[in-house]
file target-v8.txt (compact mmCIF, C-alpha atoms)
# COMPACT_ATOMS: atom_id res chain seq x y z
CA MET A 1 24.97 -18.40 -11.68
CA ASN A 2 23.83 -14.78 -11.90
CA GLU A 3 23.52 -12.48 -8.92
CA THR A 4 19.72 -12.72 -8.75
CA ALA A 5 19.74 -16.49 -8.91
CA SER A 6 22.28 -16.67 -6.07
CA LEU A 7 20.10 -14.73 -3.63
CA ARG A 8 18.63 -16.60 -0.67
CA ALA A 9 15.37 -14.83 -1.39
CA ARG A 10 14.17 -11.90 -3.42
CA ALA A 11 11.10 -9.77 -3.94
CA GLU A 12 11.02 -8.99 -7.65
CA ILE A 13 9.24 -5.70 -8.35
CA ASP A 14 7.92 -5.24 -11.87
CA LEU A 15 7.76 -1.49 -12.45
CA ALA A 16 6.19 -1.92 -15.89
CA ALA A 17 3.25 -3.61 -14.18
CA LEU A 18 3.02 -0.74 -11.71
CA ARG A 19 2.99 1.83 -14.49
CA ALA A 20 0.32 -0.14 -16.31
CA ASN A 21 -1.79 -0.29 -13.15
CA VAL A 22 -1.53 3.47 -12.70
CA ARG A 23 -2.75 3.98 -16.26
CA VAL A 24 -5.69 1.63 -15.70
CA LEU A 25 -6.64 3.49 -12.52
CA ARG A 26 -6.34 6.86 -14.23
CA GLU A 27 -8.75 5.61 -16.89
CA ARG A 28 -11.18 4.44 -14.22
CA ALA A 29 -11.07 7.89 -12.63
CA ALA A 30 -10.96 9.98 -15.79
CA GLY A 31 -11.30 13.65 -14.94
CA ALA A 32 -9.69 13.29 -11.53
CA GLN A 33 -6.03 13.50 -10.61
CA LEU A 34 -4.37 10.42 -9.14
CA MET A 35 -2.39 10.22 -5.92
CA ALA A 36 0.03 7.31 -5.77
CA VAL A 37 0.13 6.20 -2.14
CA VAL A 38 3.62 4.96 -1.27
CA LYS A 39 3.33 4.72 2.51
CA SER A 40 5.00 1.85 4.40
CA ASP A 41 7.85 1.78 1.86
CA GLY A 42 5.43 1.53 -1.01
CA TYR A 43 3.39 -1.25 0.62
CA GLY A 44 6.64 -3.20 0.85
CA HIS A 45 7.59 -2.64 -2.79
CA GLY A 46 10.02 0.26 -2.27
CA ALA A 47 8.68 3.80 -1.96
CA VAL A 48 11.16 5.71 -4.11
CA PRO A 49 11.28 3.42 -7.19
CA CYS A 50 7.50 3.00 -7.09
CA ALA A 51 6.95 6.74 -6.69
CA ARG A 52 9.13 7.44 -9.71
CA ALA A 53 7.33 4.81 -11.77
CA ALA A 54 3.93 6.16 -10.75
CA ARG A 55 4.99 9.70 -11.66
CA ALA A 56 6.13 8.44 -15.06
CA ALA A 57 2.68 6.91 -15.60
CA GLY A 58 0.87 10.15 -14.82
CA ALA A 59 0.34 10.26 -11.06
CA THR A 60 0.26 13.95 -10.12
CA TRP A 61 0.40 13.45 -6.34
CA LEU A 62 2.31 11.19 -3.98
CA GLY A 63 0.88 10.23 -0.61
CA THR A 64 2.45 8.93 2.59
CA ALA A 65 1.21 8.28 6.09
CA THR A 66 4.07 9.75 8.12
CA PRO A 67 5.93 13.01 7.57
CA HIS A 68 9.26 11.19 7.67
CA GLU A 69 8.14 9.10 4.69
CA ALA A 70 7.26 12.27 2.81
CA LEU A 71 10.54 13.96 3.69
CA ALA A 72 12.43 10.89 2.47
CA LEU A 73 10.76 11.25 -0.93
CA ARG A 74 11.88 14.87 -1.13
CA ALA A 75 15.40 13.88 -0.08
CA ALA A 76 15.42 11.35 -2.93
CA GLY A 77 14.73 14.15 -5.39
CA LEU A 78 11.02 13.64 -6.00
CA ASP A 79 9.32 16.93 -6.77
CA GLY A 80 5.68 17.84 -7.33
CA ARG A 81 2.88 17.54 -4.85
CA ILE A 82 3.37 15.25 -1.86
CA MET A 83 0.91 14.84 1.00
CA CYS A 84 1.27 13.17 4.41
CA TRP A 85 -1.48 12.71 6.97
CA LEU A 86 -0.47 10.80 10.10
CA TRP A 87 0.81 13.37 12.57
CA THR A 88 1.42 13.40 16.30
CA PRO A 89 2.13 16.40 18.53
CA GLY A 90 5.63 17.75 18.12
CA GLY A 91 6.06 16.31 14.64
CA PRO A 92 8.41 17.81 12.05
CA TRP A 93 5.92 20.43 10.86
CA ARG A 94 8.54 23.04 10.02
CA GLU A 95 10.62 20.60 7.97
CA ALA A 96 7.52 19.53 6.05
CA ILE A 97 6.49 23.13 5.41
CA GLU A 98 9.97 24.04 4.20
CA ALA A 99 9.90 21.00 1.89
CA ASP A 100 6.59 22.20 0.39
CA ILE A 101 4.73 19.11 1.57
CA ASP A 102 0.97 19.20 2.09
CA VAL A 103 0.17 18.42 5.72
CA SER A 104 -3.14 17.26 7.14
CA ALA A 105 -5.04 18.77 10.04
CA GLY A 106 -7.95 16.91 11.56
CA GLY A 107 -8.08 18.76 14.87
CA MET A 108 -7.36 22.08 16.52
CA TRP A 109 -4.11 20.92 18.16
CA ALA A 110 -2.64 20.19 14.73
CA LEU A 111 -3.73 23.52 13.31
CA ARG A 112 -2.12 25.38 16.21
CA GLU A 113 1.18 23.55 15.73
CA ILE A 114 1.07 24.22 11.98
CA VAL A 115 0.68 27.96 12.54
CA VAL A 116 3.65 28.06 14.95
CA ALA A 117 5.79 26.07 12.49
CA ALA A 118 4.78 28.27 9.56
CA GLU A 119 5.79 31.38 11.48
CA ALA A 120 9.16 29.78 12.26
CA ALA A 121 9.62 28.73 8.64
CA GLY A 122 8.70 32.17 7.38
CA ARG A 123 6.37 30.76 4.75
CA PRO A 124 2.75 29.59 4.61
CA ALA A 125 1.98 25.94 5.11
CA ARG A 126 0.02 23.89 2.60
CA VAL A 127 -2.77 22.38 4.72
CA GLN A 128 -5.49 19.87 3.94
CA LEU A 129 -8.38 19.68 6.37
CA LYS A 130 -9.57 16.17 7.16
CA ALA A 131 -13.13 15.35 8.18
CA ASP A 132 -14.31 12.19 9.89
CA THR A 133 -17.35 11.37 7.76
CA GLY A 134 -17.95 8.01 9.41
CA LEU A 135 -14.75 5.95 9.58
CA GLY A 136 -14.27 6.89 13.21
CA ARG A 137 -10.52 7.13 12.92
CA GLY A 138 -8.58 10.31 12.04
CA GLY A 139 -10.24 13.56 11.11
CA CYS A 140 -12.52 16.18 12.58
CA GLN A 141 -16.01 15.23 13.70
CA PRO A 142 -18.79 17.08 11.83
CA ALA A 143 -19.82 18.85 15.03
CA ASP A 144 -16.32 20.34 15.33
CA TRP A 145 -15.91 21.14 11.63
CA PRO A 146 -17.07 24.78 11.87
CA GLU A 147 -14.46 25.51 14.54
CA LEU A 148 -11.65 23.90 12.51
CA VAL A 149 -12.69 25.57 9.27
CA GLY A 150 -13.09 28.93 10.98
CA ALA A 151 -9.65 28.76 12.62
CA ALA A 152 -8.04 27.61 9.37
CA ARG A 153 -9.63 30.45 7.44
CA GLU A 154 -8.42 32.94 10.04
CA ALA A 155 -4.88 31.53 9.76
CA GLU A 156 -5.17 31.65 5.98
CA ARG A 157 -6.17 35.31 6.03
CA ALA A 158 -3.19 36.00 8.32
CA GLY A 159 -0.88 34.42 5.75
CA HIS A 160 0.13 31.42 7.87
CA LEU A 161 -1.28 28.76 5.59
CA ARG A 162 -3.09 27.93 2.39
CA ILE A 163 -6.01 25.48 2.61
CA THR A 164 -5.17 23.21 -0.32
CA GLY A 165 -7.53 20.32 0.24
CA LEU A 166 -10.64 18.98 1.94
CA TRP A 167 -10.64 15.24 2.41
CA SER A 168 -11.93 12.17 4.20
CA HIS A 169 -11.67 8.39 4.03
CA PHE A 170 -14.20 5.58 3.46
CA ALA A 171 -14.84 2.84 5.99
CA CYS A 172 -16.46 0.22 3.75
CA ALA A 173 -15.74 1.08 0.12
CA ASP A 174 -14.53 -2.49 -0.33
CA GLU A 175 -18.04 -3.78 0.48
CA PRO A 176 -20.24 -2.88 -2.51
CA GLY A 177 -23.64 -1.56 -1.47
CA HIS A 178 -22.73 -1.03 2.18
CA PRO A 179 -25.05 1.69 3.54
CA SER A 180 -22.15 3.64 5.06
CA ILE A 181 -20.89 4.49 1.57
CA ALA A 182 -23.85 6.69 0.66
CA ALA A 183 -23.96 8.09 4.20
CA GLN A 184 -20.31 9.13 4.10
CA LEU A 185 -20.69 10.66 0.67
CA ALA A 186 -23.60 12.77 1.91
CA VAL A 187 -21.71 13.94 5.00
CA TYR A 188 -18.61 14.73 2.96
CA ARG A 189 -20.57 16.80 0.43
CA ASP A 190 -22.20 18.75 3.28
CA LEU A 191 -18.88 19.48 4.99
CA VAL A 192 -17.24 20.55 1.73
CA ALA A 193 -20.19 22.82 0.97
CA TYR A 194 -19.90 24.41 4.42
CA ALA A 195 -16.16 25.00 4.04
CA GLU A 196 -16.59 26.52 0.59
CA LYS A 197 -19.39 28.76 1.89
CA GLU A 198 -16.91 29.99 4.48
CA GLY A 199 -14.48 30.95 1.75
CA VAL A 200 -12.32 27.86 1.41
CA ASP A 201 -11.14 27.41 -2.18
CA PRO A 202 -9.31 24.04 -2.18
CA GLU A 203 -7.09 22.79 -4.95
CA VAL A 204 -8.39 19.25 -4.41
CA ARG A 205 -11.31 17.53 -2.76
CA HIS A 206 -10.79 13.82 -2.25
CA LEU A 207 -12.48 10.85 -0.64
CA ALA A 208 -11.84 7.82 -2.88
CA ASN A 209 -9.36 5.11 -1.94
CA SER A 210 -8.53 2.13 -4.19
CA PRO A 211 -11.90 0.36 -3.98
CA ALA A 212 -13.82 3.61 -4.40
CA THR A 213 -11.66 4.49 -7.40
CA LEU A 214 -12.68 1.21 -9.00
CA THR A 215 -16.36 1.09 -8.06
CA ILE A 216 -17.74 4.46 -6.87
CA PRO A 217 -17.35 7.04 -9.65
CA GLU A 218 -19.43 9.61 -7.79
CA ALA A 219 -16.71 9.65 -5.12
CA HIS A 220 -13.87 10.61 -7.46
CA PHE A 221 -14.17 14.40 -7.05
CA ASP A 222 -10.84 16.12 -7.92
CA LEU A 223 -8.41 13.43 -6.81
CA VAL A 224 -8.35 9.69 -6.07
CA ARG A 225 -5.89 8.07 -3.67
CA THR A 226 -4.76 4.69 -4.97
CA GLY A 227 -2.74 2.44 -2.74
CA ILE A 228 -3.06 -1.34 -2.96
CA ALA A 229 -4.61 -1.31 -6.44
CA MET A 230 -1.56 0.49 -7.82
CA TYR A 231 0.48 -2.53 -6.75
CA GLY A 232 -1.84 -4.78 -8.73
CA ILE A 233 -3.73 -6.33 -5.85
CA SER A 234 -7.50 -6.37 -5.67
CA PRO A 235 -8.72 -4.31 -2.69
CA ALA A 236 -11.23 -7.05 -1.89
CA PRO A 237 -12.27 -10.39 -3.41
CA GLU A 238 -15.86 -9.09 -3.59
CA LEU A 239 -14.74 -6.52 -6.15
CA GLY A 240 -13.06 -9.09 -8.40
CA THR A 241 -9.65 -10.58 -8.86
CA SER A 242 -6.70 -8.50 -9.97
CA ALA A 243 -7.11 -9.78 -13.54
CA GLU A 244 -10.84 -9.04 -13.54
CA LEU A 245 -10.07 -5.47 -12.48
CA GLY A 246 -7.43 -5.08 -15.18
CA LEU A 247 -4.56 -5.02 -12.70
CA ARG A 248 -1.31 -6.98 -12.53
CA PRO A 249 0.44 -7.84 -9.24
CA VAL A 250 3.79 -6.06 -9.05
CA MET A 251 5.64 -8.21 -6.50
CA THR A 252 6.91 -11.77 -6.91
CA LEU A 253 8.39 -13.35 -3.77
CA ALA A 254 10.79 -16.22 -4.38
CA ALA A 255 13.51 -18.12 -2.54
CA ALA A 256 16.19 -20.67 -3.41
CA VAL A 257 15.55 -24.17 -2.07
CA ALA A 258 18.24 -24.69 0.56
CA LEU A 259 18.08 -28.48 0.98
CA VAL A 260 16.28 -31.52 -0.38
CA LYS A 261 16.45 -34.73 1.65
CA ASP A 262 14.75 -38.09 2.15
CA ALA A 263 12.51 -38.65 5.15
CA PRO A 264 10.83 -41.84 6.35
CA ALA A 265 7.14 -42.22 7.06
CA GLY A 266 6.08 -40.82 10.43
CA HIS A 267 8.87 -38.21 10.57
CA GLY A 268 7.97 -35.05 12.47
CA VAL A 269 8.51 -31.76 10.65
CA SER A 270 9.32 -28.39 12.26
CA TYR A 271 8.51 -27.15 15.77
CA GLY A 272 5.80 -28.99 17.63
CA HIS A 273 5.58 -31.74 15.01
CA HIS A 274 2.26 -30.40 13.76
CA TYR A 275 3.05 -32.25 10.55
CA THR A 276 4.36 -35.78 10.25
CA THR A 277 5.16 -37.41 6.94
CA PRO A 278 2.36 -39.80 5.93
CA ALA A 279 4.75 -41.94 3.90
CA GLU A 280 8.36 -42.10 2.82
CA THR A 281 8.97 -38.81 1.05
CA THR A 282 11.33 -35.96 0.27
CA LEU A 283 11.40 -32.68 2.14
CA GLY A 284 12.46 -29.29 0.83
CA LEU A 285 13.82 -26.54 3.05
CA ILE A 286 12.77 -23.02 2.04
CA PRO A 287 15.05 -20.41 3.68
CA VAL A 288 12.50 -17.70 4.55
CA GLY A 289 10.34 -17.37 7.63
CA TYR A 290 8.37 -14.98 9.73
CA ALA A 291 11.44 -12.75 10.19
CA ASP A 292 11.17 -12.17 6.44
CA GLY A 293 7.44 -11.52 6.63
CA VAL A 294 6.14 -15.01 5.85
CA PRO A 295 3.07 -15.23 8.11
CA ARG A 296 3.31 -17.83 10.85
CA HIS A 297 -0.49 -18.07 10.69
CA ALA A 298 -0.01 -19.76 7.31
CA SER A 299 1.72 -22.71 8.96
CA GLY A 300 0.34 -25.87 7.42
CA SER A 301 -1.54 -23.96 4.72
CA GLY A 302 0.70 -21.52 2.83
CA PRO A 303 1.11 -22.45 -0.85
CA VAL A 304 4.50 -22.53 -2.64
CA LEU A 305 5.38 -23.40 -6.25
CA VAL A 306 8.39 -25.74 -6.32
CA GLY A 307 9.41 -27.89 -9.26
CA GLY A 308 6.32 -27.02 -11.24
CA LYS A 309 3.87 -28.07 -8.51
CA VAL A 310 2.13 -26.08 -5.79
CA ARG A 311 3.12 -27.46 -2.39
CA THR A 312 1.88 -26.54 1.06
CA VAL A 313 3.94 -25.45 4.05
CA ALA A 314 4.51 -28.60 6.11
CA GLY A 315 4.23 -27.80 9.80
CA ARG A 316 5.11 -24.50 11.38
CA VAL A 317 6.71 -21.53 9.71
CA ALA A 318 9.84 -20.75 11.75
CA MET A 319 11.72 -17.47 12.05
CA ASP A 320 14.06 -18.10 9.10
CA GLN A 321 12.71 -21.12 7.26
CA PHE A 322 9.91 -23.54 6.59
CA VAL A 323 9.57 -26.98 5.00
CA VAL A 324 7.48 -28.34 2.14
CA ASP A 325 6.70 -32.00 1.49
CA LEU A 326 7.94 -32.69 -2.04
CA GLU A 327 6.21 -36.09 -2.14
CA GLY A 328 9.21 -37.87 -3.64
CA ASP A 329 10.21 -35.17 -6.13
CA ARG A 330 13.86 -34.12 -6.09
CA PRO A 331 14.48 -30.57 -7.28
CA GLU A 332 18.10 -29.58 -6.85
CA ALA A 333 19.26 -27.32 -4.05
CA GLY A 334 19.09 -23.80 -5.43
CA ALA A 335 15.90 -24.48 -7.39
CA GLU A 336 13.38 -21.66 -7.27
CA ALA A 337 10.49 -21.70 -4.80
CA VAL A 338 7.88 -19.07 -5.64
CA LEU A 339 5.67 -18.09 -2.72
CA PHE A 340 3.54 -15.65 -4.69
CA GLY A 341 3.44 -13.61 -7.85
CA PRO A 342 1.02 -12.61 -10.62
CA GLY A 343 -0.03 -16.24 -11.14
CA ASP A 344 1.17 -16.50 -14.75
CA ARG A 345 3.20 -19.65 -14.13
CA GLY A 346 0.67 -21.30 -11.89
CA GLU A 347 2.30 -19.81 -8.80
CA PRO A 348 0.16 -18.72 -5.85
CA THR A 349 -0.81 -15.08 -5.45
CA ALA A 350 -0.67 -12.76 -2.46
CA GLN A 351 -4.43 -13.29 -2.16
CA ASP A 352 -3.85 -17.05 -1.84
CA TRP A 353 -1.45 -16.39 1.04
CA ALA A 354 -3.93 -13.98 2.61
CA GLU A 355 -6.58 -16.67 2.60
CA ALA A 356 -4.13 -19.21 4.02
CA ALA A 357 -3.19 -16.84 6.85
CA GLY A 358 -6.67 -15.48 7.52
CA THR A 359 -5.74 -11.92 6.62
CA ILE A 360 -5.79 -9.52 3.65
CA ALA A 361 -3.39 -9.30 0.72
CA TYR A 362 -2.36 -5.78 1.82
CA GLU A 363 -0.65 -7.33 4.84
CA ILE A 364 1.06 -10.09 2.87
CA VAL A 365 3.04 -7.73 0.62
CA THR A 366 3.56 -4.96 3.17
CA ARG A 367 5.06 -7.24 5.80
CA ILE A 368 7.89 -8.61 3.59
CA GLY A 369 10.95 -7.63 5.60
CA ALA A 370 14.02 -5.58 4.81
CA ARG A 371 16.37 -8.57 4.68
CA VAL A 372 14.59 -9.73 1.52
CA PRO A 373 16.27 -7.73 -1.27
CA ARG A 374 14.02 -5.88 -3.72
CA VAL A 375 15.06 -6.57 -7.30
CA TYR A 376 13.58 -4.06 -9.76
CA VAL A 377 12.78 -5.07 -13.31
CA ASN A 378 11.44 -3.05 -16.25
CA GLU A 379 12.64 0.18 -14.68
CA THR A 380 12.53 2.03 -18.01
CA ALA A 381 9.09 3.19 -19.15
CA ASP A 382 7.78 1.05 -21.99
CA GLU A 383 4.63 0.30 -23.89
CA VAL A 384 2.10 -2.00 -22.28
CA THR A 385 -0.96 -3.79 -23.56
CA GLY A 386 -3.97 -4.62 -21.45
CA GLY A 387 -2.19 -3.86 -18.21
CA VAL A 388 0.46 -6.53 -18.90
CA PRO A 389 4.03 -5.59 -19.90
CA ARG A 390 4.99 -6.66 -23.44
call {"tool": "encode", "arguments": {"input": "target-v8.txt", "output": "structure tokens"}}
result
Amino acid sequence: MNETASLRARAEIDLAALRANVRVLRERAAGAQLMAVVKSDGYGHGAVPCARAARAAGATWLGTATPHEALALRAAGLDGRIMCWLWTPGGPWREAIEADIDVSAGGMWALREIVVAAEAAGRPARVQLKADTGLGRGGCQPADWPELVGAAREAERAGHLRITGLWSHFACADEPGHPSIAAQLAVYRDLVAYAEKEGVDPEVRHLANSPATLTIPEAHFDLVRTGIAMYGISPAPELGTSAELGLRPVMTLAAAVALVKDAPAGHGVSYGHHYTTPAETTLGLIPVGYADGVPRHASGSGPVLVGGKVRTVAGRVAMDQFVVDLEGDRPEAGAEAVLFGPGDRGEPTAQDWAEAAGTIAYEIVTRIGARVPRVYVNETADEVTGGVPR
């Protein structure tokens, strides 16, 4: 038995699929640069390997949420442009500046801390100003934009920073035709025009996330930020399936069946006995649970491919394991149970698990825990056809 086969569970990461997805997204946003967003450990896929693969496929920027994620990329030897945007007071501004990382400022407190850190570092910071164009989350409100732009320009003239970008984020780009899309675009254009009138000369202007990259070409500007789509998952069912969008899911989550046993009719299964066997049957024990990221909300509904058939989680998902009713089938212990993957072999997808758990596919892949080893395949760049590795 090979090492992969002997694992309790594994998340297989197909880097050829990731590279193919990046190429598809670059084609969809022709004329704009592409930022590969690798926050939250590459949406659970592994930030460093995915960043390298995305770079190989033509991504010119890398994006993270936290500065520590960005610094980890630099420590791993990744060069080129890297941006991070989720800051709190007292964050590692100086370290980020010294690592030549683009930092985001969406308020005056951040700009003040950046200036102090740049003085300590003895070099100008690369700063991207973020506007809240309607998401209501991070970023500067339009009413406060003149103050932020004015202070940033003053700091730029003093040599403390370089304003490298003007950016914002959509609220409803995954809902085609939502009125907020046009409204945010209009606000963003106005705020960019104001900043440029005040002398800002950004390297990049960017607003588009994955769904906007796929469906809103007028939002592409100089740079698109692709997160979930890069990992081959549709940003929303309304936009189409992964295959319809020309994308291929990158992660396959599988486990080795730990036990197969007979059970009589009326036998309770797992905590609370929310499932009882309707007839004499066989039960299979799958050794992953919510500690591994399998959503407990998918108890009684999560689909799993075992022995060539899609089964359903029988009863509750526990911390380390769950059970499937094999309906008399007898796969051997050690047989593969595939929770989700691209769907090529009839296995469920992350979207199927999202629907079973009442969530989104982003959460399904991102929550897969650290005790599930990532196994990387197709690490060497190769030719691809139609978004699918040869």
call {"tool": "closest_residue", "arguments": {"input": "target-v8.txt", "among": "A:Ile368, A:Leu326, A:Gly80, A:Gly346", "to": "Gly293 (chain A)", "atoms": "all atoms listed in the file"}}
result
A:Ile368
call {"tool": "closest_residue", "arguments": {"input": "target-v8.txt", "among": "A:Gly44, A:Asn378, A:Gly122, A:Glu12", "to": "Leu339 (chain A)", "atoms": "all atoms listed in the file"}}
result
A:Glu12
call {"tool": "closest_residue", "arguments": {"input": "target-v8.txt", "among": "A:Val48, A:Met83, A:Ala53, A:Val149", "to": "Leu15 (chain A)", "atoms": "all atoms listed in the file"}}
result
A:Ala53
call {"tool": "axis_aligned_box", "arguments": {"input": "target-v8.txt", "around": "region 134-140 of chain A", "padding_each_side": "3 Å", "output": "lines of an AutoDock Vina configuration file"}}
result
center_x = -13.3
center_y = 11.1
center_z = 11.3
size_x = 15.4
size_y = 16.2
size_z = 9.8
call {"tool": "closest_residue", "arguments": {"input": "target-v8.txt", "among": "A:Leu191, A:Ala131, A:Leu245, A:Ala151", "to": "Trp167 (chain A)", "atoms": "only C-alpha atoms"}}
result
A:Ala131
call {"tool": "residues_around", "arguments": {"input": "target-v8.txt", "residues": "region 315-317 of chain A", "least_positions_apart": "5", "cutoff": "9 Å", "atoms": "all atoms listed in the file", "output": "PDB file with C-alpha atoms, in the frame of the given file"}}
result
ATOM      1  CA  GLY A 268       7.970 -35.050  12.470  1.00  0.00           C
ATOM      2  CA  VAL A 269       8.510 -31.760  10.650  1.00  0.00           C
ATOM      3  CA  SER A 270       9.320 -28.390  12.260  1.00  0.00           C
ATOM      4  CA  TYR A 271       8.510 -27.150  15.770  1.00  0.00           C
ATOM      5  CA  GLY A 272       5.800 -28.990  17.630  1.00  0.00           C
ATOM      6  CA  HIS A 273       5.580 -31.740  15.010  1.00  0.00           C
ATOM      7  CA  HIS A 274       2.260 -30.400  13.760  1.00  0.00           C
ATOM      8  CA  TYR A 275       3.050 -32.250  10.550  1.00  0.00           C
ATOM      9  CA  THR A 276       4.360 -35.780  10.250  1.00  0.00           C
ATOM     10  CA  VAL A 288      12.500 -17.700   4.550  1.00  0.00           C
ATOM     11  CA  GLY A 289      10.340 -17.370   7.630  1.00  0.00           C
ATOM     12  CA  TYR A 290       8.370 -14.980   9.730  1.00  0.00           C
ATOM     13  CA  VAL A 294       6.140 -15.010   5.850  1.00  0.00           C
ATOM     14  CA  PRO A 295       3.070 -15.230   8.110  1.00  0.00           C
ATOM     15  CA  ARG A 296       3.310 -17.830  10.850  1.00  0.00           C
ATOM     16  CA  HIS A 297      -0.490 -18.070  10.690  1.00  0.00           C
ATOM     17  CA  ALA A 298      -0.010 -19.760   7.310  1.00  0.00           C
ATOM     18  CA  SER A 299       1.720 -22.710   8.960  1.00  0.00           C
ATOM     19  CA  GLY A 300       0.340 -25.870   7.420  1.00  0.00           C
ATOM     20  CA  SER A 301      -1.540 -23.960   4.720  1.00  0.00           C
ATOM     21  CA  PHE A 322       9.910 -23.540   6.590  1.00  0.00           C
ATOM     22  CA  VAL A 323       9.570 -26.980   5.000  1.00  0.00           C
ATOM     23  CA  VAL A 324       7.480 -28.340   2.140  1.00  0.00           C
TER      24      VAL A 324
END
call {"tool": "closest_residue", "arguments": {"input": "target-v8.txt", "among": "A:Ala32, A:Val37, A:Val338, A:Cys172", "to": "Ile286 (chain A)", "atoms": "all atoms listed in the file"}}
result
A:Val338
call {"tool": "closest_residue", "arguments": {"input": "target-v8.txt", "among": "A:Val103, A:Ala30, A:Val22, A:Val127", "to": "Asp201 (chain A)", "atoms": "only C-alpha atoms"}}
result
A:Val127
call {"tool": "build_atoms", "arguments": {"input": "target-v8.txt", "residues": "region 214-219 of chain A", "atoms": "all heavy atoms", "output": "PDB file, in the coordinates of the input"}}
result
ATOM      1  N   LEU A 214     -12.262   2.245  -8.065  1.00  0.00           N
ATOM      2  CA  LEU A 214     -12.680   1.210  -9.000  1.00  0.00           C
ATOM      3  C   LEU A 214     -14.196   1.074  -9.112  1.00  0.00           C
ATOM      4  O   LEU A 214     -14.684   0.649 -10.163  1.00  0.00           O
ATOM      5  CB  LEU A 214     -12.083  -0.138  -8.558  1.00  0.00           C
ATOM      6  CG  LEU A 214     -10.559  -0.255  -8.700  1.00  0.00           C
ATOM      7  CD1 LEU A 214     -10.039  -1.432  -7.890  1.00  0.00           C
ATOM      8  CD2 LEU A 214     -10.183  -0.408 -10.166  1.00  0.00           C
ATOM      9  N   THR A 215     -14.935   1.444  -8.067  1.00  0.00           N
ATOM     10  CA  THR A 215     -16.360   1.090  -8.060  1.00  0.00           C
ATOM     11  C   THR A 215     -17.326   2.220  -7.729  1.00  0.00           C
ATOM     12  O   THR A 215     -18.534   2.033  -7.846  1.00  0.00           O
ATOM     13  CB  THR A 215     -16.622  -0.057  -7.056  1.00  0.00           C
ATOM     14  OG1 THR A 215     -16.328   0.393  -5.724  1.00  0.00           O
ATOM     15  CG2 THR A 215     -15.767  -1.276  -7.379  1.00  0.00           C
ATOM     16  N   ILE A 216     -16.825   3.391  -7.291  1.00  0.00           N
ATOM     17  CA  ILE A 216     -17.740   4.460  -6.870  1.00  0.00           C
ATOM     18  C   ILE A 216     -17.377   5.740  -7.612  1.00  0.00           C
ATOM     19  O   ILE A 216     -16.725   6.634  -7.056  1.00  0.00           O
ATOM     20  CB  ILE A 216     -17.682   4.672  -5.329  1.00  0.00           C
ATOM     21  CG1 ILE A 216     -17.788   3.347  -4.579  1.00  0.00           C
ATOM     22  CG2 ILE A 216     -18.818   5.615  -4.883  1.00  0.00           C
ATOM     23  CD1 ILE A 216     -17.561   3.461  -3.087  1.00  0.00           C
ATOM     24  N   PRO A 217     -17.760   5.866  -8.868  1.00  0.00           N
ATOM     25  CA  PRO A 217     -17.350   7.040  -9.650  1.00  0.00           C
ATOM     26  C   PRO A 217     -17.819   8.363  -9.069  1.00  0.00           C
ATOM     27  O   PRO A 217     -17.141   9.387  -9.232  1.00  0.00           O
ATOM     28  CB  PRO A 217     -17.954   6.778 -11.036  1.00  0.00           C
ATOM     29  CG  PRO A 217     -18.980   5.709 -10.835  1.00  0.00           C
ATOM     30  CD  PRO A 217     -18.528   4.902  -9.676  1.00  0.00           C
ATOM     31  N   GLU A 218     -18.941   8.355  -8.368  1.00  0.00           N
ATOM     32  CA  GLU A 218     -19.430   9.610  -7.790  1.00  0.00           C
ATOM     33  C   GLU A 218     -18.558  10.098  -6.636  1.00  0.00           C
ATOM     34  O   GLU A 218     -18.727  11.234  -6.150  1.00  0.00           O
ATOM     35  CB  GLU A 218     -20.886   9.460  -7.322  1.00  0.00           C
ATOM     36  CG  GLU A 218     -21.110   8.434  -6.225  1.00  0.00           C
ATOM     37  CD  GLU A 218     -21.426   7.041  -6.742  1.00  0.00           C
ATOM     38  OE1 GLU A 218     -20.900   6.662  -7.824  1.00  0.00           O
ATOM     39  OE2 GLU A 218     -22.176   6.320  -6.058  1.00  0.00           O
ATOM     40  N   ALA A 219     -17.620   9.264  -6.204  1.00  0.00           N
ATOM     41  CA  ALA A 219     -16.710   9.650  -5.120  1.00  0.00           C
ATOM     42  C   ALA A 219     -15.359  10.129  -5.629  1.00  0.00           C
ATOM     43  O   ALA A 219     -14.469  10.414  -4.835  1.00  0.00           O
ATOM     44  CB  ALA A 219     -16.497   8.461  -4.163  1.00  0.00           C
TER      45      ALA A 219
END
